[in-house]
Amino acid sequence: MTLEGTLLLALMLFCFGIYAVLARRNLIGILIGVELMLNAANINFLAFSHFIPTDPAVAKIIVLVVIGLAAAEAAIALAIILKLYRQRSSIDVDAMTLLEGTGAEEASDE
Amino acid sequence: MSSTTLALVLLGAPLVAFFIALVVFRKNHVAAMATVLLGGATTCACALTLLATKAGAPAEQASRAWLHAGGVDIHFGILLDGKTLIMGAAVGVITLCVQVYSLSYMSHDQGRGRFFAFLALFEWAMLSFVYSPSLMQTFVFWELVGLASFFLIGFWHKKPSAIAAAKKAFIITRIGDVGLFIGLILLFQTAHTLDIQTLNTLSFDASRIELITLLLFVGIVGKSAQFPLHTWLPDAMEGPTPVSALLHSATMVAAGVFLFARFHPLFMQAELTLTIVLCIATFTAVLSSTMAMVATDMKRVFAYSSISQLGFMLMGLGAGSLFAGYFHLTTHAIFKALLFLCAGAFIHEHGTNDTVAIGRNGGRNQRIITLGLIVGGGALAGFPLLAGFFSKELIIHALHDKPLFLAGAYLASFMTAYYTFRVIFLVVFPNKDSAVEVEEEPADSHDDHHGSAWPMHAPILLLTAAAIALGWFGDSIATTLGLENPPISIPEMAPAIGVALAGILIAWFDFGRKSAPQTGFVFKIKPLYTLFKNGWYLDAIYKKVFVGAAQAVAGLLFGTENHVLDKASDGIGQGTLQIGSATTMAQSGRLPVYIGVAVVCFAAVMIVLGLEIMR
Amino acid sequence: MSYDFAIAAVVTLAGALLAISQANILHAVFGLAISLVGVAGIFFTLNSPFVAIMEVLIYVGGIAVTMIFAVMLSSVTNPQEKENVGRRLMAAVAAGTFFVGGALVLHHAEFADGKELLNSEHSLQAVGVNLLNRYNLAFETLSVVLLLAIVGAIVIVRKEPAMPADAEEEAA
């Protein structure tokens with residue numbers, strides 16, 4: 001068990017998260033990916049504090065804060081998901097393209 | 001109370017009065033007028049006390065830094081020396097007189113509260129200018145004087161001619177101010193100080209100081225209405241007459257001459273400038289006198305005479321005699337204020353500006369005012385032993401070794417005597433049978449409610465007394481300025497007296513004696529009459545040349561704007577729209593794509609970073 | 001290399017793999033839970049038992065369970081992901097690029113001397129004291145954030161007064 005090993009593990013976890021965010025169409029799947037990435041970051045914090053001499057309490061506090069924020073984030077995200085499902089009967093991200101810009105609309109505004 | 005405190009009170013009173021009158025008593029005219037009057041009285045009392053206690057004492061200065069900028073401190077403060085004290089007293093007294101006078105003159109005007117507030121502002125600006133110890137303050141209040149006069153000339157803002165006159169005054173003086181500003185900046189750049197007292201002790205490189213003083217003189221030409229920027233002053237009488245009285249005497253036009261006196265040591269170093277000053281001043285004095293000879297409007301006559309008298313002052317100053325010019329500035333302030341107040345009283349009573357009409361309407365029945373007119377006119381004409389006589393003698397004395405300018409001065413003072421007594425005779429000896437036509441009939445519908453008489457009479461009486469007496473105070477004024485009052489022998493005075501009397505005699509022949517034609521000798525020479533009457537066509541020429549040029553430039557700019565800039569900005573707008581609609585194609589609105597792009601970009605950064613570290 | 005770390009790492013990665021590969025979203029959430037337990041194990045080996053417990057309590061016990069609720073409330077009708085190989089490939093390429101970049105940086109970065117610090121008794125006490133003293137602000141802010149999250153979640157899912165269908169369409 002080394003610092004590099006731990007960091008590599010975190011990196012892999014992070015990439016799994018990225019993959020989930022990009023590949024999933026289900027919003028909950030994307031949320032899962034986000035949680036994986038958050039945990040990867042947490043592992044990094046604790047790894048650095050464990051292997052590099054510093055105040056050990058700081059990293060732990062950061063991780064606790066991150067966990068708390070993740071909980072809040074999950075609550076809100078799931079609320080949004082439920083709301084979306086109620087409105088559209090679907091939580092497929094591919095169906096949510098309201099941000100799309102179409103040149104035709106712009107032209108018609110003129 | 002120390003003199004500095006007194007001076008602060010003196011400066012503060014009008015400012016406070018201005019704000020109170022304008023802001024607090026916006027609806028209450030009586031309270032506003034009372035406030036301003038109180039402020040004016042305070043200022044006048046302070047100014048006179050200062051003059052009485054500090055006369056002859058060494059200059060005193062108190063100032064506070066307002067801004068530190070790059071090693072230069074910009075100060076605002078008070079400079080108390082002879083010039084300041086005399087000018088301050090003149091401004092204080094005349095402003096108070098004008099304010100009292102306005103009580104009656106403006107008693108039925110809807111905006112009299114505002115009028116009084118602006119009078120206070122005008123006084124404050126002028127006094128702060130006069131008391132200024134630094135270039136910066138001088139310039140700031142120089143401009144404020146112009147602004148206040150703009151407000152006052154255009155006071156009757158529903159009258160198109162008043163608006164036009166106000167704009168004209170503001171714009172034409174602005175032309176001069178550009179020169180002044182450049183001059184002040186150059187002066188600062190050369191001397192590295194803003195302090196006027198220090199500046200006046202320095203000596204400069206000849207060509208440099210000539211340039212600087214010439215630029216300063218451009219500002220003076222604009223403010224003191226010298227040729228070629230004099231055309232605003234006759235029009236400025238579109239404002240209420242009390243304003244003219246103030247404008248033509250102690251404030252506004254006096255600012256130009258005062259600036260010259262203030263920087264007299266600098267001007268004395270510049271030979272070339274002095275010659276130019278003499279040329280312009282003499283030419284202006286003669287030119288405007290010719291116009292005054294044919295003007296029928298009483299105020300217009302006095303307006304032209306102001307221009308010519310300012311020319312006289314500058315002649316005195318340009319000839320190197322600070323005392324002559326300054327003394328004439330003081331006496332002129334008194335008798336010109338008197339003359340305008342008298343003119344205002346006539347106009348107020350008879351509802352016309354036309355001198356002939358006033359005379360036929362029984363102007364001489366207003367005894368006190370007629371007395372004021374005679375004394376003030378006599379002083380203006382240089383009638384022996386009246387105020388203007390002494391100062392004019394001094395100026396002519398100063399010019400004694402410059403024959404050309406001396407001749408001009410004689411000519412101008414001859415014409416001055418002629419046109420002044422033309423006005424006096426027309427009022428005092430009206431001849432109903434004379435051939436002269438009245439250009440402006442008295443207005444029948446003139447409202448009859450005049451204010452009570454004493455607020456008009458008291459200032460006129462006071463100023464009349466001053467116009468008689470002031471001439472004898474030459475010595476004490478010289479002492480206050482720290483200068484000599486040169487003795488002038490009777491034979492030296494003789495030519496000037498002769499010229500003035502000749503002018504009066506011819507005026508008597510033309511206007512005064514029984515069965516006089518009352519048209520004047522100029523009237524018989526038609527081309528000359530037309531030329532003078534139309535102010536040498538200078539306004540028309542200016543219009544043609546400057547307005548034409550401005551319109552040409554404006555047309556060019558308009559074309560550029562329409563065909564070049566508009567097209568360009570339209571093009572930029574269109575281009576932006578095109579780019580925008582092109583880039584919207586990339587906006588799929590699909591979240592994973594956005595995130596994916598972000599991830600790849602970030603990964604790319606990391607790869608580059610990793611490779612960098614490896615190297 | 002100690003075994004506990006290896007086991008924890010394997011559990012983590014295996015759980016994560018499960019979480020991202022399962023077509024059935026419910027299974028994916030289970031995978032996440034497994035992975036999080038593995039992460040807790042890693043925290044334990046990193047000498048942070050308290051954080052590890054919190055991880056299990058909050059993540060596995062709170063977040064994962066909430067997710068399962070959400071899945072059951074929403075995706076029951078369509079739990080299956082449709083096959084989309086191209087998309088997965090793209091995602092894999094992006095993630096892979098990221099991994100390569102990260103690994104490159106990791107490989108070439110120089111860290112301070114990586115000696116394990118095993119003796120951190122009283123660390124829990126230090127956490128508590130610091131959390132309530134020096135990092136008080138973060139602590140309080142977090143509590144406010146959590147409160148807001150609760151209120152916000154309620155506000156979001158609250159049933160709105162019925163809107164006319166076309167107006168809703170316009171608003172959308």
# chains A, B, ... in the order shown; residues from 1 in each chain; ligands from 1
$ interface_residues --of "chain B" --to "chain C" --cutoff "12 Å" --atoms "only C-alpha atoms" --output "VMD selection string"
chain B and resid 592 to 615
$ write_last_selection --atoms "C-alpha atoms" --output "CSV table (one decimal), in the first residue's frame"
chain,number,residue,atom,x,y,z
B,592,PRO,CA,-23.7,14.1,-21.9
B,593,VAL,CA,-22.1,15.7,-24.9
B,594,TYR,CA,-21.3,18.8,-23.0
B,595,ILE,CA,-19.8,16.9,-20.2
B,596,GLY,CA,-17.9,14.6,-22.5
B,597,VAL,CA,-16.3,17.6,-24.3
B,598,ALA,CA,-15.3,19.1,-20.9
B,599,VAL,CA,-13.8,15.8,-19.8
B,600,VAL,CA,-11.8,15.3,-23.0
B,601,CYS,CA,-10.5,18.8,-22.9
B,602,PHE,CA,-9.5,18.4,-19.2
B,603,ALA,CA,-7.9,15.1,-20.1
B,604,ALA,CA,-6.0,16.7,-22.9
B,605,VAL,CA,-4.7,19.3,-20.5
B,606,MET,CA,-3.5,16.6,-18.1
B,607,ILE,CA,-1.8,14.7,-20.9
B,608,VAL,CA,0.0,17.8,-22.0
B,609,LEU,CA,1.0,18.5,-18.4
B,610,GLY,CA,2.2,14.9,-17.9
B,611,LEU,CA,4.3,15.1,-21.0
B,612,GLU,CA,5.7,18.5,-19.9
B,613,ILE,CA,6.8,17.0,-16.5
B,614,MET,CA,8.4,14.1,-18.3
B,615,ARG,CA,10.5,16.4,-20.3
$ interface_residues --of "chain A" --to "chain C" --cutoff "7 Å" --atoms "only C-alpha atoms" --output "ChimeraX atom specification"
/A:1,3,11-13,15-16,18-20,22-23,29,32,46-47,50-52,57,60-61,64-65,68,71-72,74-76,78-80,82-83,85
$ closest_atom_pairs --of "chain B" --to "chain A" --cutoff "9 Å" --atoms "only C-alpha atoms" --output "Markdown table"
| residue | atom | partner | partner_atom | distance |
| --- | --- | --- | --- | --- |
| B:Leu577 | CA | A:Glu106 | CA | 8.7 |
| B:Gly580 | CA | A:Gly103 | CA | 8.3 |
| B:Ser581 | CA | A:Gly103 | CA | 4.8 |
| B:Ala582 | CA | A:Gly103 | CA | 6.9 |
| B:Thr583 | CA | A:Gly103 | CA | 8.4 |
| B:Thr584 | CA | A:Gly101 | CA | 4.8 |
| B:Met585 | CA | A:Thr102 | CA | 6.2 |
| B:Ala586 | CA | A:Gly101 | CA | 7.8 |
| B:Gln587 | CA | A:Glu100 | CA | 5.1 |
| B:Ser588 | CA | A:Glu100 | CA | 4.6 |
| B:Gly589 | CA | A:Glu100 | CA | 3.7 |
| B:Arg590 | CA | A:Thr97 | CA | 5.4 |
| B:Leu591 | CA | A:Val93 | CA | 7.1 |
| B:Pro592 | CA | A:Leu22 | CA | 5.1 |
| B:Val593 | CA | A:Leu22 | CA | 7.6 |
| B:Ile595 | CA | A:Leu22 | CA | 7.1 |
| B:Gly596 | CA | A:Leu22 | CA | 6.3 |
| B:Val599 | CA | A:Ile18 | CA | 7.9 |
$ write_last_selection --atoms "C-alpha atoms" --output "mmCIF file, in the first residue's frame"
data_model
loop_
_atom_site.group_PDB
_atom_site.id
_atom_site.type_symbol
_atom_site.label_atom_id
_atom_site.label_comp_id
_atom_site.auth_asym_id
_atom_site.auth_seq_id
_atom_site.Cartn_x
_atom_site.Cartn_y
_atom_site.Cartn_z
ATOM 1 C CA LEU B 577 -25.647 37.329 -35.797
ATOM 2 C CA GLY B 580 -24.127 33.258 -33.524
ATOM 3 C CA SER B 581 -26.495 31.261 -35.683
ATOM 4 C CA ALA B 582 -23.584 29.242 -36.979
ATOM 5 C CA THR B 583 -22.403 28.331 -33.488
ATOM 6 C CA THR B 584 -25.893 27.410 -32.290
ATOM 7 C CA MET B 585 -25.536 24.345 -34.480
ATOM 8 C CA ALA B 586 -23.059 23.002 -31.972
ATOM 9 C CA GLN B 587 -25.527 23.445 -29.136
ATOM 10 C CA SER B 588 -27.306 20.117 -29.163
ATOM 11 C CA GLY B 589 -28.680 20.673 -25.700
ATOM 12 C CA ARG B 590 -27.602 17.178 -24.779
ATOM 13 C CA LEU B 591 -25.931 17.175 -21.396
ATOM 14 C CA PRO B 592 -23.673 14.141 -21.870
ATOM 15 C CA VAL B 593 -22.134 15.714 -24.933
ATOM 16 C CA ILE B 595 -19.786 16.903 -20.152
ATOM 17 C CA GLY B 596 -17.918 14.640 -22.517
ATOM 18 C CA VAL B 599 -13.813 15.768 -19.805
#
$ residues_around --residues "Val428 (chain B)" --least-positions-apart "5" --cutoff "8 Å" --atoms "only C-alpha atoms" --output "count of residues only"
4
